[in-house]
>>> print(open('protein.cif').read())   # mmCIF, C-alpha atoms
data_query
#
loop_
_atom_site.group_PDB
_atom_site.id
_atom_site.type_symbol
_atom_site.label_atom_id
_atom_site.label_comp_id
_atom_site.auth_asym_id
_atom_site.auth_seq_id
_atom_site.Cartn_x
_atom_site.Cartn_y
_atom_site.Cartn_z
ATOM 1 C CA MET D 872 0.000 0.000 0.000
ATOM 2 C CA SER D 873 1.355 3.380 -0.982
ATOM 3 C CA THR D 874 0.376 6.512 0.863
ATOM 4 C CA THR D 875 0.898 10.139 -0.036
ATOM 5 C CA ASP D 876 1.778 12.756 2.542
ATOM 6 C CA LEU D 877 2.354 16.497 2.403
ATOM 7 C CA ALA D 878 5.901 17.708 1.722
ATOM 8 C CA THR D 879 7.670 19.677 4.430
ATOM 9 C CA GLY D 880 10.375 22.282 3.879
ATOM 10 C CA PRO D 881 13.619 22.493 5.889
ATOM 11 C CA ASP D 882 11.944 24.823 8.398
ATOM 12 C CA GLY D 883 9.153 22.320 9.105
ATOM 13 C CA ASP D 884 6.470 24.293 7.243
ATOM 14 C CA LEU D 885 4.303 22.654 4.581
ATOM 15 C CA ALA D 886 5.846 23.016 1.103
ATOM 16 C CA LEU D 887 3.998 24.833 -1.673
ATOM 17 C CA GLY D 888 4.414 24.199 -5.389
ATOM 18 C CA PRO D 889 4.873 26.938 -8.005
ATOM 19 C CA ASP D 890 1.089 27.106 -8.430
ATOM 20 C CA GLY D 891 0.586 27.654 -4.684
ATOM 21 C CA ASP D 892 -0.848 24.177 -4.043
ATOM 22 C CA LEU D 893 0.445 21.849 -1.344
ATOM 23 C CA VAL D 894 3.060 19.369 -2.592
ATOM 24 C CA GLY D 895 2.452 15.628 -2.123
ATOM 25 C CA VAL D 896 5.244 13.112 -1.504
ATOM 26 C CA GLU D 897 5.564 9.319 -1.140
ATOM 27 C CA GLY D 898 8.174 6.893 0.220
ATOM 28 C CA ASP D 899 11.130 8.347 2.133
ATOM 29 C CA PRO D 900 10.162 11.986 1.467
ATOM 30 C CA ALA D 901 6.739 11.260 3.021
ATOM 31 C CA THR D 902 8.368 9.691 6.077
ATOM 32 C CA ARG D 903 10.712 12.682 6.376
ATOM 33 C CA ALA D 904 7.773 15.104 6.165
ATOM 34 C CA ARG D 905 5.816 13.235 8.887
ATOM 35 C CA LEU D 906 8.854 13.115 11.170
ATOM 36 C CA LEU D 907 9.664 16.792 10.802
ATOM 37 C CA ARG D 908 6.027 17.675 11.586
ATOM 38 C CA ALA D 909 6.170 15.390 14.643
ATOM 39 C CA PHE D 910 9.376 17.109 15.790
ATOM 40 C CA VAL D 911 7.724 20.559 15.715
ATOM 41 C CA THR D 912 4.318 19.508 17.092
ATOM 42 C CA ALA D 913 3.853 20.549 20.697
ATOM 43 C CA PRO D 914 2.698 17.725 22.995
ATOM 44 C CA GLY D 915 -0.953 18.061 23.933
ATOM 45 C CA THR D 916 -2.024 19.871 20.759
ATOM 46 C CA ILE D 917 -3.482 16.855 18.904
ATOM 47 C CA PRO D 918 -6.829 15.680 20.341
ATOM 48 C CA TYR D 919 -6.801 12.059 21.557
ATOM 49 C CA HIS D 920 -2.998 11.917 21.196
ATOM 50 C CA PRO D 921 -1.748 14.134 24.034
ATOM 51 C CA ASP D 922 1.755 12.639 24.114
ATOM 52 C CA THR D 923 2.409 13.044 20.369
ATOM 53 C CA GLY D 924 5.068 15.575 19.354
ATOM 54 C CA ALA D 925 8.585 16.499 20.386
ATOM 55 C CA GLY D 926 7.685 20.190 20.677
ATOM 56 C CA ALA D 927 11.002 21.435 19.299
ATOM 57 C CA PRO D 928 10.062 25.088 18.660
ATOM 58 C CA SER D 929 8.000 25.469 21.825
ATOM 59 C CA ARG D 930 10.812 24.040 23.914
ATOM 60 C CA GLU D 931 13.450 26.240 22.302
ATOM 61 C CA GLY D 932 11.227 29.305 22.489
ATOM 62 C CA GLY D 933 9.969 28.614 25.995
ATOM 63 C CA PRO D 934 11.706 27.855 29.259
ATOM 64 C CA PRO D 935 15.217 26.412 28.902
ATOM 65 C CA VAL D 936 15.137 22.654 28.319
ATOM 66 C CA ALA D 937 18.296 20.580 28.173
ATOM 67 C CA GLY D 938 19.263 19.486 24.660
ATOM 68 C CA ASP D 939 19.291 15.874 25.806
ATOM 69 C CA GLU D 940 15.583 16.014 26.685
ATOM 70 C CA LEU D 941 14.693 17.360 23.242
ATOM 71 C CA ALA D 942 16.954 14.744 21.596
ATOM 72 C CA ARG D 943 15.156 11.963 23.499
ATOM 73 C CA ALA D 944 11.755 13.350 22.438
ATOM 74 C CA VAL D 945 12.899 13.417 18.800
ATOM 75 C CA LEU D 946 13.961 9.748 19.006
ATOM 76 C CA VAL D 947 10.619 8.769 20.561
ATOM 77 C CA GLU D 948 8.717 10.483 17.736
ATOM 78 C CA ALA D 949 10.920 8.944 15.028
ATOM 79 C CA ARG D 950 10.485 5.454 16.469
ATOM 80 C CA ARG D 951 6.675 5.861 16.571
ATOM 81 C CA ASP D 952 6.425 6.292 12.798
ATOM 82 C CA PRO D 953 5.212 3.058 11.151
ATOM 83 C CA ASP D 954 7.669 3.457 8.241
ATOM 84 C CA VAL D 955 10.758 3.877 10.470
ATOM 85 C CA LEU D 956 12.660 0.676 11.221
ATOM 86 C CA ASP D 957 15.298 2.297 13.439
ATOM 87 C CA ALA D 958 16.193 5.768 14.729
ATOM 88 C CA SER D 959 19.413 6.797 16.436
ATOM 89 C CA ALA D 960 21.990 9.512 16.994
ATOM 90 C CA ALA D 961 19.639 12.361 17.883
ATOM 91 C CA GLU D 962 21.487 15.572 18.668
ATOM 92 C CA VAL D 963 20.570 19.149 19.455
ATOM 93 C CA ALA D 964 23.207 21.776 18.676
ATOM 94 C CA ARG D 965 22.990 25.532 19.176
ATOM 95 C CA ALA D 966 25.195 27.667 16.916
ATOM 96 C CA SER D 967 26.707 30.959 18.025
ATOM 97 C CA SER D 968 24.226 32.649 15.649
ATOM 98 C CA GLY D 969 21.403 31.410 17.904
ATOM 99 C CA VAL D 970 20.066 28.852 15.401
ATOM 100 C CA THR D 971 19.371 25.440 16.918
ATOM 101 C CA THR D 972 19.742 22.348 14.740
ATOM 102 C CA VAL D 973 18.018 19.078 15.654
ATOM 103 C CA THR D 974 19.361 16.005 13.825
ATOM 104 C CA CYS D 975 18.513 12.318 13.854
ATOM 105 C CA ARG D 976 19.401 9.263 11.718
ATOM 106 C CA VAL D 977 16.643 6.914 10.556
ATOM 107 C CA ARG D 978 16.379 3.662 8.602
ATOM 108 C CA THR D 979 13.060 3.379 6.768
ATOM 109 C CA LYS D 980 10.999 0.644 5.112
ATOM 110 C CA ALA D 981 11.544 2.351 1.747
ATOM 111 C CA SER D 982 15.360 2.305 2.220
ATOM 112 C CA PRO D 983 16.101 -0.417 4.774
ATOM 113 C CA ASP D 984 19.812 -0.622 3.944
ATOM 114 C CA ALA D 985 20.664 3.041 4.502
ATOM 115 C CA LEU D 986 20.718 5.327 7.529
ATOM 116 C CA GLN D 987 19.361 8.710 6.461
ATOM 117 C CA PRO D 988 20.000 11.971 8.290
ATOM 118 C CA LEU D 989 17.069 14.220 9.201
ATOM 119 C CA SER D 990 17.763 17.793 10.134
ATOM 120 C CA LEU D 991 15.537 20.629 11.341
ATOM 121 C CA ARG D 992 16.794 24.187 11.859
ATOM 122 C CA LEU D 993 15.063 26.285 14.495
ATOM 123 C CA PRO D 994 15.599 30.040 14.699
ATOM 124 C CA SER D 995 16.301 31.502 18.106
#
>>> encode(input="protein.cif", output="structure tokens")
Amino acid sequence: MSTTDLATGPDGDLALGPDGDLVGVEGDPATRARLLRAFVTAPGTIPYHPDTGAGAPSREGGPPVAGDELARAVLVEARRDPDVLDASAAEVARASSGVTTVTCRVRTKASPDALQPLSLRLPS
């Protein structure tokens, strides 16, 4: 069974095509889009799924939270995705410019033999 998801840009926002419509993706790009949305979703914002979401922007924009806690939340969200076989090496790094980068490596059903990096940049 093949499913289509909505494409996500590097900032976590939904991607728009040249005509202004939302862009659909399948396979690994769909998995990447779902994971990046899960990373930026604040816990408690999805009805009936209060523990879904790593809350990356809300944590970085709110009270200080240790990078390790956000990295653990990112791994939990990646491992919940039905198309992810394995997730590891989550890191949160803050550059001197104030930009925070959250990275994770995943192995997916579409590419089971390759670890793929996921990266999300969060402005300060």
>>> residues_around(input="protein.cif", residues="Ala960 of chain D", least_positions_apart="3", cutoff="10 Å", atoms="only C-alpha atoms", output="PyMOL selection string")
chain D and resi 942-943+946+974-977+988
>>> write_last_selection(input="protein.cif", atoms="C-alpha atoms", output="compact mmCIF listing (two decimals), in the frame of the given file")
# COMPACT_ATOMS: atom_id res chain seq x y z
CA ALA D 942 16.95 14.74 21.60
CA ARG D 943 15.16 11.96 23.50
CA LEU D 946 13.96 9.75 19.01
CA THR D 974 19.36 16.00 13.82
CA CYS D 975 18.51 12.32 13.85
CA ARG D 976 19.40 9.26 11.72
CA VAL D 977 16.64 6.91 10.56
CA PRO D 988 20.00 11.97 8.29
>>> atom_distance(input="protein.cif", atom1="atom CA of Gly880 of chain D", atom2="atom CA of Phe910 of chain D")
13.0 Å
>>> closest_residue(input="protein.cif", among="D:Val911, D:Ala966, D:Ala904, D:Ala925", to="Leu989 of chain D", atoms="only C-alpha atoms")
D:Ala904
>>> closest_residue(input="protein.cif", among="D:Asp954, D:Glu948, D:Asp922, D:Asp892", to="Arg908 of chain D", atoms="all atoms listed in the file")
D:Glu948
>>> resolve_selection(input="protein.cif", expression="the PyMOL selection byres ((chain D and resi 950) around 12)", output="ChimeraX atom specification")
/D:902,905-906,909-910,923-925,943-949,951-959,961,975-979
>>> atom_distance(input="protein.cif", atom1="atom CA of Pro983 of chain D", atom2="atom CA of Gly888 of chain D")
29.1 Å
>>> closest_residue(input="protein.cif", among="D:Asp899, D:Asp890, D:Asp939, D:Asp884", to="Ser982 of chain D", atoms="only C-alpha atoms")
D:Asp899
>>> atom_distance(input="protein.cif", atom1="atom CA of Asp876 of chain D", atom2="atom CA of Glu940 of chain D")
28.0 Å
>>> residues_around(input="protein.cif", residues="Leu885 of chain D", least_positions_apart="3", cutoff="10 Å", atoms="all atoms listed in the file", output="PyMOL selection string")
chain D and resi 877-882+893-895+904+908
>>> axis_aligned_box(input="protein.cif", around="segment 941-953 of chain D", padding_each_side="3 Å", output="lines of an AutoDock Vina configuration file")
center_x = 11.1
center_y = 10.2
center_z = 17.3
size_x = 17.7
size_y = 20.3
size_z = 18.3
